[in-house]
Amino acid sequence: MYKISLITGDGIGPEISESVVKVLETINDKLGLKIEIRKLEAGDNALVKTGKALPEVTLDTIKKSDACLKAPAGESAVDVIVVLRRILNLYANIRPAKSYPNMPALKDNIDLVIVRENTEDLYTGMEFEVGNTAIALRTISEDASKRIAKYAFLTATQRNLKMKVTCVHKSNVMRKTDGLFARSCSEVAKQFPKVSFEQMYVDACAMNLIRQPESFDVIVTTNLFGDILSDEAAQVVGGLGMAPAANIGDDFALFEPVHGAAFDIAGKQAANPSSFILSAKMMFDWLGMKNNDKNCFEVAKKLESSVYGVVKDGIKTKDIGGDKTTMEFTQQVISKLV
Ligand code: ATP
């Protein structure tokens with residue numbers, strides 16, 4: 001029995017959470033993998049109700065579960081996800097960008113993953129004002145850089161596709177911080193002679209993600225660059241509605257869509273739930289690895305092939321060129337699952 005905590009979030013969060021609950025219930029009832037879902041509140045709604053964007057009961061329940069699924073939070077997102085990443089030490093943010101059929105994509109045959117350092121950089125909130133100047137501090141440490149580099153090389157090895165890691169930085173301008181990041185990655189590269197290693201400035205990477213996205217395998221980068229490049233990569237393969245993500249630590253992991261609360265389409269059954277369903281797929285892969293449980297790997301594979309099959313049949317939500325509602329699309333995925 002796997003205890004899964006589920007933060008339902010804000011905006012389109014509750015709608016895509018309903019989809020994921022239906023999918024998990026189907027897995028529990030029909031695929032023989034026992035799952036207990038614990039629905040939790042965090043984000044803007046929780047802030048209004050309890051005075052805290054991340055209520056204690058939510059955090060306590062997450063800590064007692066095997067993994068967490070998190071729908072996007074709204075304006076208070078920084079008080080939810082950034083805090084969770086820090087408290088749970090989820091240092092690796094994994095954001096795959098993969099081609100699916102029938103997508104409004106810029107190019108096909110893309111299968112890359114962005115491994116984003118999740119604990120440092122300009123995202124630690126160390127900002128202050130001196131007179132009428134605002135200052136932000138950027139921290140990059142050798143330990144965190146080597147830890148994320150190692151994760152990237154292990155990812156390239158496990159994927160066993162192009163066996164390539166691209167280290168993305170801007171060390172020609174940020175000589176100390178990105179210089180340290182690049183050097184740390186180069187040092188770790190020596191431990192993985194079978195994986196080829198290249199370095200790329202972030203501006204060139206942004207261009208190459210449009211020009212030749214199929215040439216990438218694993219991109220390892222710092223927190224802010226990873227955040228921006230992963231939205232770009234998602235758009236290249238078809239949009240944020242198809243983009244899942246994982247936040248991984250040594251003992252725990254949290255899975256969430258790349259996108260935010262998308263208030264513009266909330267409450268209209270217009271959201272594409274694939275981003276969250278594919279995040280659940282990543283969760284089952286991680287649970288499979290952690291617990292050496294082949295049932296989890298099988299469920300993960302089925303989840304991905306079900307989403308693949310549905311869009312291949314041309315059944316799609318509006319964001320990817322179709323006319324199905326969130327729940328109609330979900331039902332189609334479920335019918336392929338069983
Ligand atoms: P954040 O800064 O919190 O990441 P954002 O304001 O940049 O959020 P998102 O919510 O990430 O914006 O999404 C940008 C737009 O992409 C949305 O306004 C919405 O139209 C579209 N979008 C995002 N997610 C989905 C989805 N799952 N299904 C359909 N459209 C989506």
# chains A, B, ... in the order shown; residues from 1 in each chain; ligands from 1
>>> residues_near_ligand(ligand="ligand 1", cutoff="9 Å", atoms="only C-alpha atoms and all ligand atoms", output="MDAnalysis selection string")
chainID A and resid 11:13 16 72:75 77:78 231 239:243 257:266 270:276 317:320 326
>>> write_last_selection(atoms="N, CA and C atoms", output="compact mmCIF listing (two decimals), in the first residue's frame")
# COMPACT_ATOMS: atom_id res chain seq x y z
N GLY A 11 -6.59 27.57 -8.86
CA GLY A 11 -6.80 27.72 -10.31
C GLY A 11 -7.30 26.41 -10.92
N ILE A 12 -6.56 25.89 -11.89
CA ILE A 12 -6.96 24.62 -12.50
C ILE A 12 -6.55 23.41 -11.63
N GLY A 13 -5.89 23.69 -10.51
CA GLY A 13 -5.42 22.61 -9.63
C GLY A 13 -6.49 21.60 -9.25
N ILE A 16 -7.54 19.34 -12.34
CA ILE A 16 -6.58 18.32 -12.77
C ILE A 16 -6.33 17.31 -11.63
N PRO A 72 -0.70 22.89 -9.01
CA PRO A 72 -0.11 24.23 -8.81
C PRO A 72 -0.86 25.08 -7.79
N ALA A 73 -0.09 25.87 -7.05
CA ALA A 73 -0.68 26.86 -6.16
C ALA A 73 -0.66 28.20 -6.90
N GLY A 74 -1.47 29.15 -6.47
CA GLY A 74 -1.60 30.44 -7.17
C GLY A 74 -0.56 31.46 -6.75
N GLU A 75 -1.03 32.59 -6.28
CA GLU A 75 -0.14 33.71 -5.92
C GLU A 75 0.83 33.33 -4.80
N ALA A 77 2.34 30.54 -4.42
CA ALA A 77 3.15 29.37 -4.83
C ALA A 77 4.52 29.34 -4.16
N VAL A 78 5.14 30.52 -4.06
CA VAL A 78 6.49 30.55 -3.50
C VAL A 78 6.50 30.09 -2.04
N ASP A 231 10.21 25.75 -19.36
CA ASP A 231 8.97 26.27 -19.99
C ASP A 231 9.16 26.33 -21.51
N GLY A 239 3.48 22.32 -25.52
CA GLY A 239 2.83 23.21 -24.56
C GLY A 239 2.87 22.71 -23.13
N LEU A 240 2.57 23.64 -22.21
CA LEU A 240 2.66 23.33 -20.78
C LEU A 240 1.67 22.25 -20.35
N GLY A 241 0.61 22.09 -21.08
CA GLY A 241 -0.39 21.08 -20.73
C GLY A 241 0.12 19.65 -20.78
N MET A 242 1.28 19.46 -21.43
CA MET A 242 1.85 18.11 -21.54
C MET A 242 3.10 17.95 -20.69
N ALA A 243 3.42 18.96 -19.83
CA ALA A 243 4.75 18.98 -19.19
C ALA A 243 4.73 18.60 -17.71
N PRO A 257 2.96 19.38 -12.07
CA PRO A 257 3.11 19.91 -13.43
C PRO A 257 4.10 21.07 -13.46
N VAL A 258 4.70 21.30 -14.63
CA VAL A 258 5.61 22.45 -14.78
C VAL A 258 4.82 23.76 -14.66
N HIS A 259 3.58 23.74 -15.15
CA HIS A 259 2.82 25.00 -15.24
C HIS A 259 2.30 25.49 -13.89
N GLY A 260 1.79 26.72 -13.91
CA GLY A 260 1.19 27.32 -12.73
C GLY A 260 -0.32 27.11 -12.71
N ALA A 261 -1.00 27.94 -11.91
CA ALA A 261 -2.43 27.73 -11.63
C ALA A 261 -3.34 28.09 -12.81
N ALA A 262 -2.83 28.75 -13.83
CA ALA A 262 -3.58 29.08 -15.06
C ALA A 262 -4.99 29.57 -14.76
N PHE A 263 -5.07 30.67 -14.02
CA PHE A 263 -6.38 31.21 -13.60
C PHE A 263 -7.27 31.56 -14.79
N ASP A 264 -6.64 31.87 -15.94
CA ASP A 264 -7.44 32.28 -17.11
C ASP A 264 -8.39 31.18 -17.60
N ILE A 265 -8.05 29.91 -17.32
CA ILE A 265 -8.93 28.83 -17.80
C ILE A 265 -9.53 28.01 -16.65
N ALA A 266 -9.34 28.50 -15.42
CA ALA A 266 -9.81 27.73 -14.25
C ALA A 266 -11.33 27.63 -14.21
N ALA A 270 -11.29 23.25 -19.01
CA ALA A 270 -10.49 23.45 -20.23
C ALA A 270 -9.04 23.01 -20.04
N ALA A 271 -8.68 22.62 -18.82
CA ALA A 271 -7.28 22.27 -18.56
C ALA A 271 -6.93 20.91 -19.11
N ASN A 272 -5.72 20.81 -19.59
CA ASN A 272 -5.18 19.52 -20.03
C ASN A 272 -4.60 18.82 -18.80
N PRO A 273 -5.16 17.67 -18.42
CA PRO A 273 -4.65 17.01 -17.20
C PRO A 273 -3.40 16.17 -17.45
N SER A 274 -2.92 16.10 -18.71
CA SER A 274 -1.76 15.25 -19.03
C SER A 274 -0.54 15.60 -18.19
N SER A 275 -0.33 16.92 -17.98
CA SER A 275 0.84 17.34 -17.20
C SER A 275 0.85 16.67 -15.83
N PHE A 276 -0.34 16.56 -15.23
CA PHE A 276 -0.41 15.98 -13.88
C PHE A 276 -0.42 14.44 -13.94
N THR A 317 -7.36 17.97 -25.62
CA THR A 317 -7.95 19.17 -25.02
C THR A 317 -7.63 20.38 -25.91
N LYS A 318 -8.24 21.51 -25.57
CA LYS A 318 -8.15 22.68 -26.45
C LYS A 318 -6.72 23.20 -26.63
N ASP A 319 -5.94 23.20 -25.55
CA ASP A 319 -4.58 23.76 -25.63
C ASP A 319 -3.71 23.06 -26.66
N ILE A 320 -4.04 21.78 -26.96
CA ILE A 320 -3.22 21.05 -27.93
C ILE A 320 -4.02 20.78 -29.21
N THR A 326 -11.59 18.52 -19.69
CA THR A 326 -10.62 17.87 -18.80
C THR A 326 -11.08 16.45 -18.46
>>> closest_atom_pairs(of="range 213-256 of chain A", to="range 97-121 of chain A", cutoff="7 Å", atoms="only C-alpha atoms", output="Markdown table")
| residue | atom | partner | partner_atom | distance |
| --- | --- | --- | --- | --- |
| A:Pro213 | CA | A:Ile110 | CA | 6.3 |
| A:Glu214 | CA | A:Ile110 | CA | 4.7 |
| A:Phe216 | CA | A:Leu112 | CA | 5.7 |
| A:Asp217 | CA | A:Leu112 | CA | 4.6 |
| A:Val218 | CA | A:Val113 | CA | 5.0 |
| A:Ile219 | CA | A:Ile114 | CA | 4.7 |
| A:Val220 | CA | A:Val115 | CA | 4.7 |
| A:Thr221 | CA | A:Arg116 | CA | 5.2 |
| A:Thr222 | CA | A:Glu117 | CA | 5.0 |
| A:Asn223 | CA | A:Glu117 | CA | 5.0 |
| A:Leu224 | CA | A:Asp121 | CA | 6.9 |
| A:Gly226 | CA | A:Arg116 | CA | 5.0 |
| A:Ser230 | CA | A:Ile114 | CA | 6.6 |
| A:Ala233 | CA | A:Ala97 | CA | 6.0 |
| A:Ala234 | CA | A:Ala97 | CA | 5.6 |
| A:Val236 | CA | A:Leu106 | CA | 5.1 |
| A:Val237 | CA | A:Ala105 | CA | 4.6 |
| A:Gly238 | CA | A:Ala105 | CA | 4.3 |
| A:Ala243 | CA | A:Ala97 | CA | 6.8 |
>>> residues_around(residues="Gly288 in chain A", least_positions_apart="6", cutoff="9 Å", atoms="only C-alpha atoms", output="list in words")
Lys294, Asn295, Cys296, Phe297, Glu298 and Ala300 of chain A
>>> write_last_selection(atoms="all heavy atoms", output="compact mmCIF listing (two decimals), in the first residue's frame")
# COMPACT_ATOMS: atom_id res chain seq x y z
N LYS A 294 8.40 -3.84 -9.27
CA LYS A 294 8.19 -3.83 -10.73
C LYS A 294 6.75 -3.48 -11.11
O LYS A 294 6.50 -3.00 -12.21
CB LYS A 294 8.66 -5.13 -11.37
CG LYS A 294 7.83 -6.35 -11.16
CD LYS A 294 8.40 -7.46 -12.02
CE LYS A 294 7.70 -8.79 -11.94
NZ LYS A 294 6.43 -8.97 -11.31
N ASN A 295 5.80 -3.68 -10.17
CA ASN A 295 4.42 -3.26 -10.46
C ASN A 295 4.34 -1.76 -10.70
O ASN A 295 3.56 -1.29 -11.54
CB ASN A 295 3.50 -3.60 -9.28
CG ASN A 295 3.30 -5.10 -9.17
OD1 ASN A 295 3.49 -5.81 -10.16
ND2 ASN A 295 2.96 -5.57 -7.99
N CYS A 296 5.13 -1.01 -9.94
CA CYS A 296 5.13 0.45 -10.12
C CYS A 296 5.64 0.81 -11.52
O CYS A 296 5.08 1.68 -12.18
CB CYS A 296 6.01 1.12 -9.07
SG CYS A 296 5.32 1.09 -7.44
N PHE A 297 6.72 0.14 -11.96
CA PHE A 297 7.25 0.42 -13.31
C PHE A 297 6.20 0.11 -14.38
O PHE A 297 6.06 0.84 -15.35
CB PHE A 297 8.51 -0.41 -13.57
CG PHE A 297 9.71 0.04 -12.77
CD1 PHE A 297 10.38 -0.84 -11.95
CD2 PHE A 297 10.17 1.35 -12.84
CE1 PHE A 297 11.48 -0.44 -11.21
CE2 PHE A 297 11.27 1.77 -12.10
CZ PHE A 297 11.92 0.87 -11.29
N GLU A 298 5.48 -0.99 -14.16
CA GLU A 298 4.46 -1.37 -15.15
C GLU A 298 3.35 -0.34 -15.21
O GLU A 298 2.88 0.02 -16.29
CB GLU A 298 3.88 -2.75 -14.81
CG GLU A 298 4.74 -3.86 -15.39
CD GLU A 298 4.42 -5.22 -14.78
OE1 GLU A 298 3.31 -5.40 -14.27
OE2 GLU A 298 5.33 -6.08 -14.83
N ALA A 300 3.61 2.81 -14.41
CA ALA A 300 4.18 4.03 -15.03
C ALA A 300 4.15 3.90 -16.56
O ALA A 300 3.75 4.83 -17.27
CB ALA A 300 5.62 4.23 -14.54
>>> select_by_dssp(residues="range 23-122 of chain A", states="alpha helix (DSSP H)", output="ChimeraX atom specification")
/A:23-30,44-50,56-63,77,83-87
>>> write_last_selection(atoms="C-alpha atoms", output="PDB file, in the first residue's frame")
ATOM      1  CA  VAL A  23      -6.691   7.685 -12.573  1.00  0.00           C
ATOM      2  CA  LEU A  24      -5.248   6.570  -9.207  1.00  0.00           C
ATOM      3  CA  GLU A  25      -8.576   4.981  -8.212  1.00  0.00           C
ATOM      4  CA  THR A  26      -8.545   3.024 -11.466  1.00  0.00           C
ATOM      5  CA  ILE A  27      -4.986   1.858 -10.805  1.00  0.00           C
ATOM      6  CA  ASN A  28      -6.042   0.809  -7.298  1.00  0.00           C
ATOM      7  CA  ASP A  29      -9.220  -0.976  -8.413  1.00  0.00           C
ATOM      8  CA  LYS A  30      -8.151  -2.517 -11.704  1.00  0.00           C
ATOM      9  CA  ASP A  44      -4.196  30.628  -1.918  1.00  0.00           C
ATOM     10  CA  ASN A  45      -7.333  28.795  -0.751  1.00  0.00           C
ATOM     11  CA  ALA A  46      -5.507  27.372   2.260  1.00  0.00           C
ATOM     12  CA  LEU A  47      -4.166  30.851   3.072  1.00  0.00           C
ATOM     13  CA  VAL A  48      -7.684  32.314   3.131  1.00  0.00           C
ATOM     14  CA  LYS A  49      -9.078  29.421   5.196  1.00  0.00           C
ATOM     15  CA  THR A  50      -6.275  28.830   7.690  1.00  0.00           C
ATOM     16  CA  GLU A  56       1.024  22.308   9.391  1.00  0.00           C
ATOM     17  CA  VAL A  57      -1.385  19.429   8.910  1.00  0.00           C
ATOM     18  CA  THR A  58      -0.511  19.421   5.201  1.00  0.00           C
ATOM     19  CA  LEU A  59       3.205  19.315   5.888  1.00  0.00           C
ATOM     20  CA  ASP A  60       2.851  16.615   8.588  1.00  0.00           C
ATOM     21  CA  THR A  61       0.739  14.417   6.331  1.00  0.00           C
ATOM     22  CA  ILE A  62       3.180  14.809   3.437  1.00  0.00           C
ATOM     23  CA  LYS A  63       6.045  13.734   5.707  1.00  0.00           C
ATOM     24  CA  ALA A  77       3.145  29.367  -4.829  1.00  0.00           C
ATOM     25  CA  VAL A  83       9.318  25.889   1.197  1.00  0.00           C
ATOM     26  CA  LEU A  84       8.552  22.227   0.485  1.00  0.00           C
ATOM     27  CA  ARG A  85      11.647  21.876  -1.678  1.00  0.00           C
ATOM     28  CA  ARG A  86      13.775  23.287   1.125  1.00  0.00           C
ATOM     29  CA  ILE A  87      12.192  21.435   4.081  1.00  0.00           C
TER      30      ILE A  87
END
>>> closest_residue(among="A:Gly267, A:Gly125, A:Pro14, A:Pro96", to="Asp79 in chain A", atoms="only C-alpha atoms")
A:Gly125
>>> atom_distance(atom1="CA of Leu6 in chain A", atom2="CA of Gln332 in chain A")
22.2 Å
>>> residues_around(residues="Gly309 in chain A", least_positions_apart="3", cutoff="10 Å", atoms="only C-alpha atoms", output="JSON, numbers by chain")
{"A": [100, 101, 303, 304, 305, 306, 312, 313, 314, 315, 332, 333, 336, 337]}
>>> write_last_selection(atoms="C-alpha atoms", output="JSON list (two decimals), in the first residue's frame")
[["chain", "number", "residue", "atom", "x", "y", "z"],
["A", 100, "TYR", "CA", 3.86, 13.07, -28.38],
["A", 101, "PRO", "CA", 1.89, 12.55, -31.58],
["A", 303, "LEU", "CA", 0.11, 5.56, -17.81],
["A", 304, "GLU", "CA", 2.46, 6.97, -20.42],
["A", 305, "SER", "CA", 1.25, 4.67, -23.19],
["A", 306, "SER", "CA", -2.39, 5.52, -22.34],
["A", 312, "LYS", "CA", -2.45, 9.57, -31.14],
["A", 313, "ASP", "CA", -6.17, 8.91, -31.71],
["A", 314, "GLY", "CA", -6.58, 12.68, -32.04],
["A", 315, "ILE", "CA", -8.49, 13.00, -28.77],
["A", 332, "GLN", "CA", -10.29, 8.32, -22.47],
["A", 333, "VAL", "CA", -6.97, 7.83, -20.68],
["A", 336, "LYS", "CA", -6.86, 2.82, -22.32],
["A", 337, "LEU", "CA", -5.44, 1.99, -18.89]]
>>> closest_residue(among="A:Phe284, A:Ser196, A:Arg159, A:Lys316", to="Lys301 in chain A", atoms="only C-alpha atoms")
A:Phe284
>>> select_by_dssp(residues="range 15-49 of chain A", states="strand (DSSP E or B)", output="list of chain:residue names")
A:Ile35, A:Glu36, A:Ile37, A:Arg38, A:Lys39, A:Leu40
>>> atom_distance(atom1="CA of Lys281 in chain A", atom2="CA of Met327 in chain A")
18.2 Å
>>> atom_distance(atom1="CA of Arg38 in chain A", atom2="CA of Ile81 in chain A")
17.9 Å
>>> residues_around(residues="Thr177 in chain A", least_positions_apart="4", cutoff="12 Å", atoms="only C-alpha atoms", output="ChimeraX atom specification")
/A:120-122,137-142,145,169-173,181-184,222
>>> residues_around(residues="Leu287 in chain A", least_positions_apart="5", cutoff="12 Å", atoms="only C-alpha atoms", output="JSON, numbers by chain")
{"A": [1, 2, 3, 4, 33, 35, 65, 66, 67, 68, 248, 251, 252, 253, 254, 255, 280, 281, 282, 292, 293, 294, 295, 296, 297, 298, 299, 300]}
>>> write_last_selection(atoms="C-alpha atoms", output="PDB file, in the first residue's frame")
ATOM      1  CA  MET A   1       0.000   0.000   0.000  1.00  0.00           C
ATOM      2  CA  TYR A   2       1.419   3.349  -1.060  1.00  0.00           C
ATOM      3  CA  LYS A   3       0.282   6.445   0.836  1.00  0.00           C
ATOM      4  CA  ILE A   4       0.141   9.302  -1.652  1.00  0.00           C
ATOM      5  CA  LEU A  33      -1.397  -1.568  -7.092  1.00  0.00           C
ATOM      6  CA  ILE A  35      -2.857   3.275  -3.233  1.00  0.00           C
ATOM      7  CA  SER A  65       3.382   9.595   3.041  1.00  0.00           C
ATOM      8  CA  ASP A  66       5.425   7.651   0.492  1.00  0.00           C
ATOM      9  CA  ALA A  67       5.317  10.426  -2.129  1.00  0.00           C
ATOM     10  CA  CYS A  68       3.486  13.663  -2.849  1.00  0.00           C
ATOM     11  CA  ILE A 248      13.584  14.575  -5.937  1.00  0.00           C
ATOM     12  CA  ASP A 251      14.477   9.948   0.709  1.00  0.00           C
ATOM     13  CA  PHE A 252      11.386  11.679  -0.624  1.00  0.00           C
ATOM     14  CA  ALA A 253       9.974  13.077  -3.848  1.00  0.00           C
ATOM     15  CA  LEU A 254       7.203  15.408  -4.955  1.00  0.00           C
ATOM     16  CA  PHE A 255       5.648  15.437  -8.430  1.00  0.00           C
ATOM     17  CA  ALA A 280       2.001  10.620 -11.569  1.00  0.00           C
ATOM     18  CA  LYS A 281       3.806   8.458 -14.137  1.00  0.00           C
ATOM     19  CA  MET A 282       7.116   9.901 -12.916  1.00  0.00           C
ATOM     20  CA  ASN A 292      12.339  -2.199  -6.134  1.00  0.00           C
ATOM     21  CA  ASP A 293       8.714  -2.753  -7.139  1.00  0.00           C
ATOM     22  CA  LYS A 294       8.189  -3.830 -10.732  1.00  0.00           C
ATOM     23  CA  ASN A 295       4.419  -3.263 -10.456  1.00  0.00           C
ATOM     24  CA  CYS A 296       5.129   0.449 -10.123  1.00  0.00           C
ATOM     25  CA  PHE A 297       7.253   0.421 -13.307  1.00  0.00           C
ATOM     26  CA  GLU A 298       4.460  -1.367 -15.151  1.00  0.00           C
ATOM     27  CA  VAL A 299       1.870   1.162 -13.996  1.00  0.00           C
ATOM     28  CA  ALA A 300       4.184   4.025 -15.033  1.00  0.00           C
TER      29      ALA A 300
END
